[in-house]
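**Student:** Structure: protein-v9.txt, compact mmCIF, C-alpha atoms.
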# COMPACT_ATOMS: atom_id res chain seq x y z
CA MET A 1 -4.22 17.87 17.82
CA ASP A 2 -3.35 16.17 21.13
CA LEU A 3 -5.27 13.27 22.71
CA LYS A 4 -7.45 15.61 24.77
CA GLY A 5 -8.33 17.57 21.66
CA LEU A 6 -9.24 14.38 19.77
CA GLN A 7 -11.54 13.28 22.59
CA SER A 8 -13.15 16.72 22.67
CA ARG A 9 -13.75 16.57 18.92
CA LYS A 10 -15.30 13.12 19.34
CA ALA A 11 -17.70 14.49 21.96
CA ASP A 12 -18.69 17.33 19.62
CA LEU A 13 -19.40 14.91 16.78
CA ARG A 14 -21.52 12.70 19.04
CA ALA A 15 -23.51 15.77 20.04
CA GLU A 16 -24.05 16.64 16.36
CA GLY A 17 -25.21 13.09 15.63
CA GLN A 18 -27.59 13.09 18.59
CA ALA A 19 -29.04 16.42 17.44
CA LEU A 20 -29.85 14.90 14.02
CA ILE A 21 -31.50 11.87 15.66
CA THR A 22 -33.52 14.10 18.01
CA THR A 23 -34.72 16.27 15.11
CA ALA A 24 -35.90 13.22 13.16
CA GLN A 25 -37.65 11.80 16.23
CA GLU A 26 -39.45 15.07 16.90
CA ARG A 27 -40.73 15.13 13.33
CA GLY A 28 -41.90 11.56 13.73
CA ASP A 29 -40.19 10.25 10.61
CA GLY A 30 -36.75 9.16 9.41
CA PHE A 31 -33.78 11.19 8.24
CA THR A 32 -34.14 13.41 5.20
CA ALA A 33 -31.67 12.80 2.36
CA GLU A 34 -29.43 15.60 3.62
CA GLU A 35 -29.61 14.38 7.21
CA ALA A 36 -28.76 10.82 6.15
CA VAL A 37 -25.65 12.04 4.34
CA ALA A 38 -24.68 14.27 7.29
CA PHE A 39 -25.15 11.41 9.78
CA ALA A 40 -23.09 9.02 7.62
CA ASP A 41 -20.34 11.65 7.47
CA ILE A 42 -20.40 11.97 11.28
CA GLU A 43 -20.14 8.17 11.65
CA THR A 44 -17.16 8.11 9.28
CA LYS A 45 -15.39 10.84 11.22
CA LEU A 46 -16.14 9.10 14.55
CA HIS A 47 -14.69 5.83 13.24
CA ALA A 48 -11.52 7.62 12.12
CA LEU A 49 -11.26 9.41 15.48
CA ASP A 50 -11.74 6.15 17.41
CA THR A 51 -8.91 4.56 15.43
CA THR A 52 -6.64 7.56 15.98
CA ILE A 53 -7.46 7.87 19.69
CA ASP A 54 -6.86 4.15 20.23
CA ALA A 55 -3.48 4.38 18.49
CA ALA A 56 -2.56 7.53 20.45
CA GLN A 57 -3.46 5.90 23.78
CA ARG A 58 -1.44 2.78 22.96
CA TRP A 59 1.53 4.91 21.95
CA ARG A 60 1.28 6.92 25.18
CA ASP A 61 1.10 3.74 27.25
CA GLU A 62 4.09 2.23 25.43
CA GLN A 63 6.16 5.34 26.14
CA ARG A 64 5.44 5.00 29.84
CA ILE A 65 6.67 1.40 30.06
CA ALA A 66 10.20 0.96 31.38
CA PRO A 67 12.32 -1.69 29.60
CA ALA A 68 12.36 -3.93 32.68
CA GLU A 69 8.57 -4.15 32.54
CA LEU A 70 8.58 -5.88 29.16
CA VAL A 71 8.07 -9.64 29.00
CA GLY A 72 11.39 -11.34 29.69
CA GLY A 73 13.23 -8.03 30.04
CA ALA A 74 14.43 -5.49 27.45
CA GLU A 75 16.08 -8.13 25.29
CA ALA A 76 13.07 -10.48 25.19
CA GLU A 77 12.38 -10.04 21.46
CA ASP A 78 15.99 -10.83 20.59
CA LYS A 79 16.03 -14.25 22.30
CA PRO A 80 16.65 -17.23 19.97
CA LEU A 81 13.66 -19.32 18.98
CA SER A 82 14.84 -22.14 21.22
CA ALA A 83 14.17 -19.98 24.25
CA SER A 84 11.28 -20.85 26.53
CA PRO A 85 7.88 -19.43 25.56
CA PRO A 86 6.68 -16.34 27.43
CA ASP A 87 5.85 -16.98 31.06
CA PRO A 88 2.07 -17.41 31.51
CA ALA A 89 2.39 -15.18 34.56
CA THR A 90 2.93 -12.28 32.18
CA PHE A 91 -0.47 -12.74 30.55
CA ARG A 92 -2.08 -9.32 30.21
CA GLY A 93 -5.73 -10.18 29.59
CA PRO A 94 -7.34 -9.26 26.22
CA LYS A 95 -4.05 -7.80 24.87
CA PRO A 96 -1.34 -10.18 26.13
CA PHE A 97 1.41 -9.21 23.69
CA ARG A 98 3.38 -5.99 23.73
CA SER A 99 4.41 -6.20 20.06
CA PHE A 100 3.80 -8.16 16.86
CA GLY A 101 7.29 -9.69 17.19
CA GLU A 102 6.53 -10.96 20.70
CA GLN A 103 3.40 -12.67 19.44
CA LEU A 104 5.35 -14.31 16.58
CA LEU A 105 7.73 -15.85 19.10
CA ALA A 106 4.80 -17.23 21.10
CA ILE A 107 3.21 -18.69 17.94
CA HIS A 108 6.48 -20.32 16.92
CA ALA A 109 6.95 -21.77 20.41
CA ALA A 110 3.42 -23.22 20.33
CA ALA A 111 3.89 -24.70 16.85
CA THR A 112 7.20 -26.38 17.80
CA GLY A 113 5.94 -27.95 21.00
CA GLN A 114 7.53 -25.55 23.48
CA GLY A 115 4.24 -24.65 25.16
CA VAL A 116 1.26 -22.47 24.37
CA HIS A 117 1.07 -18.95 25.76
CA PRO A 118 -2.40 -18.43 27.32
CA GLY A 119 -2.82 -15.30 25.23
CA LEU A 120 -2.73 -17.39 22.06
CA MET A 121 -5.61 -19.52 23.25
CA GLN A 122 -7.69 -16.41 23.69
CA ILE A 123 -7.15 -15.19 20.12
CA LYS A 124 -7.00 -18.67 18.54
CA ALA A 125 -8.78 -19.06 15.21
CA ALA A 126 -9.71 -22.73 14.93
CA ALA A 127 -10.42 -24.37 11.59
CA GLN A 128 -13.95 -25.70 11.03
CA GLY A 129 -14.48 -28.95 12.91
CA ALA A 130 -10.99 -28.85 14.45
CA GLY A 131 -10.04 -29.16 18.08
CA GLU A 132 -8.60 -26.20 19.95
CA ALA A 133 -5.75 -28.34 21.24
CA ILE A 134 -4.25 -29.01 17.79
CA PRO A 135 -2.53 -25.86 16.47
CA ALA A 136 -1.89 -27.49 13.06
CA ASP A 137 -5.64 -27.52 12.39
CA GLY A 138 -5.90 -23.76 12.34
CA GLY A 139 -4.09 -20.46 12.64
CA TYR A 140 -3.75 -17.68 15.15
CA LEU A 141 -5.32 -14.31 14.62
CA VAL A 142 -2.99 -11.39 15.17
CA GLN A 143 -3.83 -9.39 18.30
CA GLN A 144 -6.28 -6.64 17.34
CA ASP A 145 -4.16 -3.65 18.32
CA PHE A 146 -1.49 -4.70 15.82
CA THR A 147 -4.00 -4.95 12.97
CA SER A 148 -5.42 -1.57 13.96
CA ALA A 149 -1.96 -0.14 13.39
CA ILE A 150 -1.99 -1.56 9.86
CA GLU A 151 -5.39 -0.05 9.17
CA LEU A 152 -4.29 3.32 10.54
CA GLY A 153 -1.23 3.21 8.29
CA MET A 154 -3.42 2.52 5.27
CA MET A 155 -5.84 5.34 5.88
CA THR A 156 -3.52 8.07 7.08
CA GLY A 157 -0.65 7.43 4.68
CA GLY A 158 -2.57 7.44 1.40
CA GLN A 159 -3.22 10.59 -0.60
CA ILE A 160 -6.54 9.16 -1.80
CA LEU A 161 -7.90 7.08 1.10
CA SER A 162 -7.29 9.90 3.57
CA ARG A 163 -9.52 12.22 1.50
CA ILE A 164 -12.54 10.14 0.48
CA ARG A 165 -15.74 9.57 2.47
CA ARG A 166 -15.47 6.30 4.41
CA ILE A 167 -18.49 4.52 5.94
CA PRO A 168 -18.01 1.43 8.17
CA VAL A 169 -20.74 -1.21 7.75
CA THR A 170 -21.81 -4.23 9.79
CA GLY A 171 -23.45 -6.29 7.03
CA ASN A 172 -22.25 -7.36 3.59
CA GLY A 173 -22.84 -4.01 1.95
CA LEU A 174 -24.78 -0.77 1.97
CA ARG A 175 -27.73 0.67 0.07
CA PHE A 176 -28.72 4.28 0.32
CA ASN A 177 -30.60 6.90 -1.66
CA VAL A 178 -29.08 9.99 -3.26
CA ILE A 179 -30.68 12.81 -5.22
CA ALA A 180 -31.05 11.87 -8.90
CA GLU A 181 -30.11 15.27 -10.31
CA THR A 182 -28.48 15.60 -13.74
CA ASP A 183 -29.85 18.95 -14.88
CA ARG A 184 -30.35 22.33 -13.20
CA ALA A 185 -33.13 23.38 -15.58
CA ALA A 186 -36.55 24.23 -14.15
CA GLY A 187 -38.31 21.05 -13.11
CA SER A 188 -35.06 19.06 -12.89
CA ARG A 189 -33.43 20.52 -9.81
CA TRP A 190 -33.26 17.94 -6.99
CA GLY A 191 -34.35 15.42 -9.61
CA ALA A 192 -37.85 16.75 -10.20
CA VAL A 193 -38.58 19.67 -7.85
CA ARG A 194 -40.33 22.66 -9.44
CA GLY A 195 -41.19 25.93 -7.76
CA TYR A 196 -43.54 28.65 -9.08
CA TRP A 197 -44.34 32.32 -8.65
CA VAL A 198 -48.07 32.29 -7.91
CA ASP A 199 -50.79 34.87 -7.49
CA GLU A 200 -52.59 35.25 -4.19
CA GLY A 201 -55.08 32.44 -3.73
CA SER A 202 -53.57 30.33 -6.50
CA ALA A 203 -52.09 26.89 -5.91
CA ALA A 204 -48.68 25.74 -7.10
CA THR A 205 -48.27 22.48 -8.99
CA ALA A 206 -47.00 19.71 -6.73
CA SER A 207 -43.54 18.23 -7.22
CA ARG A 208 -41.08 16.19 -5.21
CA PRO A 209 -37.40 15.21 -5.20
CA LYS A 210 -36.30 12.23 -7.27
CA PHE A 211 -33.91 9.67 -5.83
CA ARG A 212 -31.68 6.90 -7.12
CA GLN A 213 -30.31 4.00 -5.09
CA VAL A 214 -26.61 3.36 -4.61
CA SER A 215 -25.71 -0.25 -3.82
CA LEU A 216 -22.26 -1.26 -2.58
CA THR A 217 -21.23 -4.87 -1.87
CA LEU A 218 -18.03 -5.70 0.00
CA LYS A 219 -15.08 -7.13 -1.96
CA LYS A 220 -11.93 -8.56 -0.39
CA VAL A 221 -8.32 -7.61 -0.97
CA ALA A 222 -5.54 -9.60 0.70
CA ALA A 223 -1.78 -9.87 1.06
CA LEU A 224 0.14 -13.07 1.90
CA GLY A 225 3.73 -13.30 3.08
CA TYR A 226 6.20 -15.83 4.45
CA ALA A 227 9.04 -15.52 6.96
CA SER A 228 11.83 -18.02 7.55
CA ASP A 229 12.85 -19.22 11.01
CA GLU A 230 16.06 -17.25 10.62
CA LEU A 231 14.19 -14.03 9.97
CA LEU A 232 11.89 -14.70 12.89
CA GLU A 233 14.91 -14.66 15.19
CA ASP A 234 14.90 -10.91 14.68
CA ALA A 235 11.30 -10.69 15.83
CA ALA A 236 11.47 -6.99 16.66
CA ALA A 237 12.27 -6.24 13.01
CA MET A 238 9.44 -8.50 11.85
CA SER A 239 6.91 -6.31 13.62
CA ALA A 240 7.94 -3.31 11.57
CA ILE A 241 8.51 -5.18 8.30
CA TYR A 242 5.13 -6.88 8.08
CA SER A 243 3.09 -4.00 9.49
CA GLN A 244 4.59 -1.55 7.03
CA SER A 245 4.72 -3.80 3.96
CA PHE A 246 1.17 -5.12 4.34
CA ALA A 247 -0.23 -1.67 5.06
CA GLU A 248 1.47 -0.21 2.00
CA GLU A 249 0.48 -3.08 -0.31
CA LEU A 250 -3.19 -3.07 0.72
CA ARG A 251 -3.28 0.71 0.48
CA PHE A 252 -1.75 0.54 -3.00
CA LEU A 253 -4.35 -1.94 -4.25
CA VAL A 254 -7.32 -0.12 -2.72
CA GLU A 255 -6.18 3.34 -3.84
CA ASP A 256 -5.46 2.07 -7.35
CA ALA A 257 -9.00 0.65 -7.51
CA VAL A 258 -10.55 3.85 -6.13
CA PHE A 259 -8.68 5.81 -8.80
CA GLU A 260 -9.05 3.56 -11.87
CA GLY A 261 -10.84 0.33 -10.88
CA ASP A 262 -13.36 -1.14 -13.32
CA GLY A 263 -15.72 -2.24 -10.53
CA ALA A 264 -15.33 -5.96 -11.34
CA GLY A 265 -14.44 -7.59 -8.02
CA LYS A 266 -13.05 -4.29 -6.80
CA PRO A 267 -14.24 -0.69 -6.18
CA ALA A 268 -15.26 1.41 -9.20
CA GLY A 269 -12.65 4.08 -9.90
CA PHE A 270 -13.57 7.73 -10.32
CA ALA A 271 -11.06 8.13 -13.19
CA HIS A 272 -12.20 5.00 -15.04
CA ALA A 273 -14.15 5.29 -18.30
CA ASN A 274 -17.07 3.46 -16.66
CA ASN A 275 -17.67 6.47 -14.40
CA LEU A 276 -20.39 8.34 -16.32
CA ALA A 277 -19.84 11.37 -14.10
CA LEU A 278 -16.29 11.82 -15.40
CA VAL A 279 -15.90 14.93 -17.57
CA SER A 280 -13.28 14.59 -20.30
CA VAL A 281 -11.84 17.91 -21.53
CA THR A 282 -10.72 17.77 -25.17
CA LYS A 283 -7.21 18.75 -26.19
CA GLU A 284 -6.38 22.02 -27.93
CA THR A 285 -6.29 22.22 -31.72
CA SER A 286 -2.83 21.22 -32.98
CA GLN A 287 -1.69 20.46 -29.42
CA ALA A 288 1.49 18.40 -29.46
CA PRO A 289 1.26 14.77 -28.28
CA ALA A 290 2.01 13.98 -24.63
CA THR A 291 1.77 17.59 -23.44
CA VAL A 292 -0.23 19.59 -20.90
CA VAL A 293 -0.72 23.29 -21.66
CA SER A 294 -2.22 26.15 -19.67
CA GLN A 295 -5.44 26.10 -21.75
CA ASN A 296 -5.97 22.47 -20.67
CA VAL A 297 -5.90 23.22 -16.96
CA MET A 298 -8.00 26.39 -17.37
CA LYS A 299 -10.74 24.41 -19.13
CA MET A 300 -10.49 21.57 -16.63
CA ARG A 301 -11.02 24.01 -13.78
CA SER A 302 -14.03 25.54 -15.55
CA ARG A 303 -15.68 22.10 -15.71
CA LEU A 304 -15.27 21.33 -12.00
CA ILE A 305 -18.56 22.12 -10.27
CA GLY A 306 -18.17 25.21 -8.11
CA SER A 307 -19.28 23.51 -4.88
CA SER A 308 -16.30 21.13 -5.15
CA ARG A 309 -13.54 23.71 -5.57
CA ALA A 310 -12.85 24.11 -1.86
CA ASN A 311 -12.11 20.34 -1.51
CA SER A 312 -10.50 19.79 -4.90
CA VAL A 313 -7.02 18.39 -5.61
CA TRP A 314 -5.02 17.69 -8.76
CA TYR A 315 -3.83 14.09 -9.06
CA ILE A 316 -1.03 13.78 -11.61
CA ASN A 317 1.50 11.42 -13.09
CA GLN A 318 4.85 12.72 -11.93
CA ASP A 319 6.09 12.96 -15.55
CA ILE A 320 3.81 16.01 -15.95
CA GLU A 321 5.67 18.15 -13.38
CA PRO A 322 8.30 19.64 -15.75
CA GLN A 323 5.51 20.97 -17.99
CA LEU A 324 3.55 22.40 -15.08
CA GLN A 325 6.60 24.22 -13.78
CA GLN A 326 6.87 26.18 -17.04
CA MET A 327 3.16 26.93 -17.28
CA THR A 328 2.09 30.61 -17.42
CA ILE A 329 -0.82 32.74 -18.62
CA ALA A 330 0.14 35.45 -21.11
CA VAL A 331 -0.42 39.00 -19.83
CA GLY A 332 0.73 41.71 -22.23
CA THR A 333 4.29 40.98 -23.24
CA GLY A 334 4.89 38.81 -20.21
CA GLY A 335 3.05 36.22 -18.23
CA VAL A 336 1.98 35.12 -14.76
CA PRO A 337 2.46 31.60 -13.37
CA VAL A 338 -0.52 29.36 -12.68
CA TYR A 339 1.67 26.73 -11.01
CA MET A 340 3.32 27.53 -7.68
CA PRO A 341 5.99 25.18 -6.29
CA ALA A 342 5.78 24.37 -2.58
CA SER A 343 7.64 26.80 -0.34
CA GLY A 344 8.21 27.43 3.33
CA LEU A 345 4.82 29.15 3.41
CA SER A 346 2.97 26.09 2.12
CA GLU A 347 0.72 24.54 4.77
CA ASP A 348 0.95 20.97 3.48
CA GLY A 349 4.13 20.88 1.41
CA PHE A 350 2.29 20.40 -1.92
CA ASP A 351 2.79 22.41 -5.09
CA ARG A 352 -0.25 24.45 -6.15
CA LEU A 353 -2.17 24.80 -9.40
CA TYR A 354 -4.82 27.50 -9.27
CA GLY A 355 -4.34 27.42 -5.50
CA ARG A 356 -5.19 23.72 -5.08
CA PRO A 357 -2.73 20.93 -4.09
CA VAL A 358 -0.93 19.06 -6.87
CA ILE A 359 -0.38 15.46 -5.73
CA PRO A 360 1.77 13.00 -7.71
CA ILE A 361 0.39 9.45 -7.48
CA GLU A 362 1.56 6.16 -8.95
CA TYR A 363 -1.91 5.26 -10.22
CA ALA A 364 -2.20 8.21 -12.64
CA ALA A 365 -2.01 7.20 -16.31
CA THR A 366 0.97 7.64 -18.61
CA LEU A 367 1.59 11.19 -19.82
CA GLY A 368 -0.61 11.96 -22.82
CA THR A 369 -3.46 9.56 -21.93
CA VAL A 370 -6.71 10.01 -20.03
CA GLY A 371 -6.03 9.94 -16.29
CA ASP A 372 -2.54 11.47 -16.36
CA ILE A 373 -3.99 14.61 -14.75
CA VAL A 374 -7.31 14.62 -12.87
CA LEU A 375 -8.96 17.51 -11.03
CA CYS A 376 -11.42 16.15 -8.51
CA ASP A 377 -13.20 16.43 -5.19
CA PRO A 378 -12.37 13.15 -3.36
CA SER A 379 -15.12 13.75 -0.79
CA GLN A 380 -17.64 12.86 -3.52
CA TYR A 381 -16.40 9.26 -3.48
CA ILE A 382 -18.03 6.83 -1.03
CA LEU A 383 -16.08 3.87 0.35
CA ILE A 384 -17.47 1.23 2.70
CA ASP A 385 -15.48 -1.27 4.76
CA LYS A 386 -16.13 -3.85 7.45
CA GLY A 387 -14.13 -4.62 10.55
CA GLY A 388 -10.92 -2.99 9.38
CA VAL A 389 -7.86 -5.00 8.38
CA LYS A 390 -7.81 -8.64 9.56
CA GLN A 391 -4.49 -10.43 9.89
CA ALA A 392 -3.74 -14.07 10.66
CA THR A 393 -0.63 -16.25 10.81
CA SER A 394 0.09 -19.98 10.55
CA MET A 395 3.25 -22.02 11.17
CA HIS A 396 1.97 -25.00 9.16
CA VAL A 397 1.27 -23.62 5.68
CA ALA A 398 4.96 -23.89 4.71
CA PHE A 399 6.18 -26.21 7.44
CA THR A 400 8.56 -28.18 5.22
CA THR A 401 10.52 -25.05 4.30
CA GLU A 402 10.55 -23.78 7.90
CA GLU A 403 8.55 -20.70 7.02
CA GLN A 404 5.69 -18.97 8.76
CA ALA A 405 2.82 -17.53 6.71
CA PHE A 406 1.17 -14.17 7.38
CA ARG A 407 -2.03 -12.95 5.78
CA ALA A 408 -3.78 -9.57 5.93
CA SER A 409 -7.21 -9.02 4.37
CA TYR A 410 -9.56 -6.09 4.04
CA ARG A 411 -13.20 -6.02 2.87
CA VAL A 412 -14.09 -2.89 0.99
CA ASP A 413 -16.11 -1.38 -1.88
CA GLY A 414 -16.71 2.06 -3.25
CA GLN A 415 -17.90 4.27 -6.09
CA SER A 416 -18.61 7.88 -7.00
CA SER A 417 -21.67 9.37 -5.32
CA TRP A 418 -22.39 11.01 -8.69
CA ALA A 419 -23.97 8.77 -11.36
CA ASN A 420 -23.74 11.30 -14.19
CA VAL A 421 -22.54 14.75 -15.17
CA LEU A 422 -24.63 17.84 -14.39
CA THR A 423 -25.99 20.29 -16.96
CA PRO A 424 -25.88 23.81 -15.43
CA PHE A 425 -28.84 26.20 -15.28
CA LYS A 426 -27.20 28.68 -17.65
CA GLY A 427 -24.07 28.80 -19.77
CA THR A 428 -22.66 27.25 -22.91
CA GLY A 429 -24.02 23.81 -22.16
CA ASN A 430 -20.73 22.40 -20.89
CA THR A 431 -21.50 19.80 -18.26
CA LEU A 432 -20.03 19.96 -14.74
CA SER A 433 -18.81 17.33 -12.30
CA PRO A 434 -16.54 16.75 -9.28
CA TRP A 435 -14.43 14.49 -11.59
CA VAL A 436 -12.56 16.12 -14.48
CA ALA A 437 -9.88 14.52 -16.67
CA LEU A 438 -7.97 15.56 -19.77
CA ALA A 439 -8.62 13.64 -23.01
CA THR A 440 -5.86 11.75 -24.79
CA ARG A 441 -3.24 13.88 -26.55
CA ALA A 442 -1.84 11.48 -29.14
Let me see the structure of the file written as structure tokens.
**Tutor:**
Amino acid sequence: MDLKGLQSRKADLRAEGQALITTAQERGDGFTAEEAVAFADIETKLHALDTTIDAAQRWRDEQRIAPAELVGGAEAEDKPLSASPPDPATFRGPKPFRSFGEQLLAIHAAATGQGVHPGLMQIKAAAQGAGEAIPADGGYLVQQDFTSAIELGMMTGGQILSRIRRIPVTGNGLRFNVIAETDRAAGSRWGAVRGYWVDEGSAATASRPKFRQVSLTLKKVAALGYASDELLEDAAAMSAIYSQSFAEELRFLVEDAVFEGDGAGKPAGFAHANNLALVSVTKETSQAPATVVSQNVMKMRSRLIGSSRANSVWYINQDIEPQLQQMTIAVGTGGVPVYMPASGLSEDGFDRLYGRPVIPIEYAATLGTVGDIVLCDPSQYILIDKGGVKQATSMHVAFTTEEQAFRASYRVDGQSSWANVLTPFKGTGNTLSPWVALATRA
């Protein structure tokens, strides 16, 4: 989708959000449970669109800039550190630096007494009680458009973060109500709603939905790195190295927590044993250790709640792939495959199992243990964050070794929107869930 299309989609989402607000105002009360979820989803999508549109606009603007227009000319980022700091005349207002590398040069020049670029003073992060004129007392925040690029890399590159429901917050956390439904039997649907067939003139017994409260509190994940003066001389490379490495490391830690985190100082993982909504499918009788057979995946699919099938994916440990590739369902004297390798006709390049994407991830457990293959609907996981990725740098943390320190941090929390498994209205009594794993095969 091009930039115009993204902006059009943003306008459509704003219209949808305004329609929900108008409906609630006309009723004279707040959002219903469904409206609250729908509005939160719209806000999440708008935040993602804003990030993407901002990145697309910056990229378009960069492409339009001729080399001679860059600070100090086309070779500015390759100048030695002894070169003069950027000319204050090139100050560009709220975003004075064209690249991360250019800002690093300005920070180094300021720290070594070569002059302070006016752009640094605007984004200066002073230590508590320190004076603005003493750079050693504090650090410099990285210009916001560079940190936005790190955040965009985290969210768009991950096979988990790009699929879960993300809600930006302004406080220290988020509390919201969800339907407390664990059984589809009469009197338990929507928690405690009960309907009746009644004769004319007779009254039905009153009932109402039952709610539970979800509480999320922000936790912080951070990455710290150092760069020598020699490495800083290749400032253009530093821009790519730190943006990519920090984005990938923070994404790894957050995705690992979303998948298998215990919730202690980090998000609660949907594949962790603490998730009471996780269905564990038992192995087949006499099934060999460390194997996955067709009966396993058939039973896993039967335990995924039907409403989640359209959004479901299979997360696997890559060691499972050879077994999946040989998997068939017996039909007469032959068999039909249930696993389809990606081909030129595949829309996303993923292999398919029962028509849904098979995605190898590093966080999946060792073959033969719980979590090595998980069928799930990632949209049923709620993640909150605040302010996106924050990055700062200081020349004085490792001054004696002539190194510059870089730090990126991200405040985040998350958990499954389901608190427990669901007993269906009819059937064998097997519970259902958007989270299904295969039990240990030892």
**Student:** Between atom CA of Val338 of chain A and atom CA of Leu375 of chain A, what is the distance, to one decimal in Å?
**Tutor:**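 Atom-to-atom, atom CA of Val338 of chain A and atom CA of Leu375 of chain A are spaced 14.6 Å apart.
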**Student:** Have a look at A:Ile179, A:Ala48, A:Val258, A:Ile384 and name the one nearest to Asn275 of chain A; count all atoms listed in the file.
**Tutor:**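 Once distances to Asn275 of chain A are computed over all atoms listed in the file, the minimum belongs to A:Val258.
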**Student:** What's the separation between atom CA of Gln7 of chain A and atom CA of Leu250 of chain A, in Å to one decimal place?
**Tutor:**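 Here the two named atoms are 28.6 Å from each other.
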**Student:** Take every atom of segment 424-437 of chain A listed in the file, fit an axis-aligned box around them, add 5 Å per side, and give the centre and edge lengths in Å to one decimal as JSON.
**Tutor:**
{"center_x": -19.4, "center_y": 21.6, "center_z": -16.1, "size_x": 29.0, "size_y": 24.3, "size_z": 23.6}
**Student:** Quick one: of A:Val193, A:Leu367, A:Val389, A:Ala185, who's nearest to Ala247 of chain A, counting only C-alpha atoms?
**Tutor:**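 Of all the options, A:Val389 lies closest to Ala247 of chain A.
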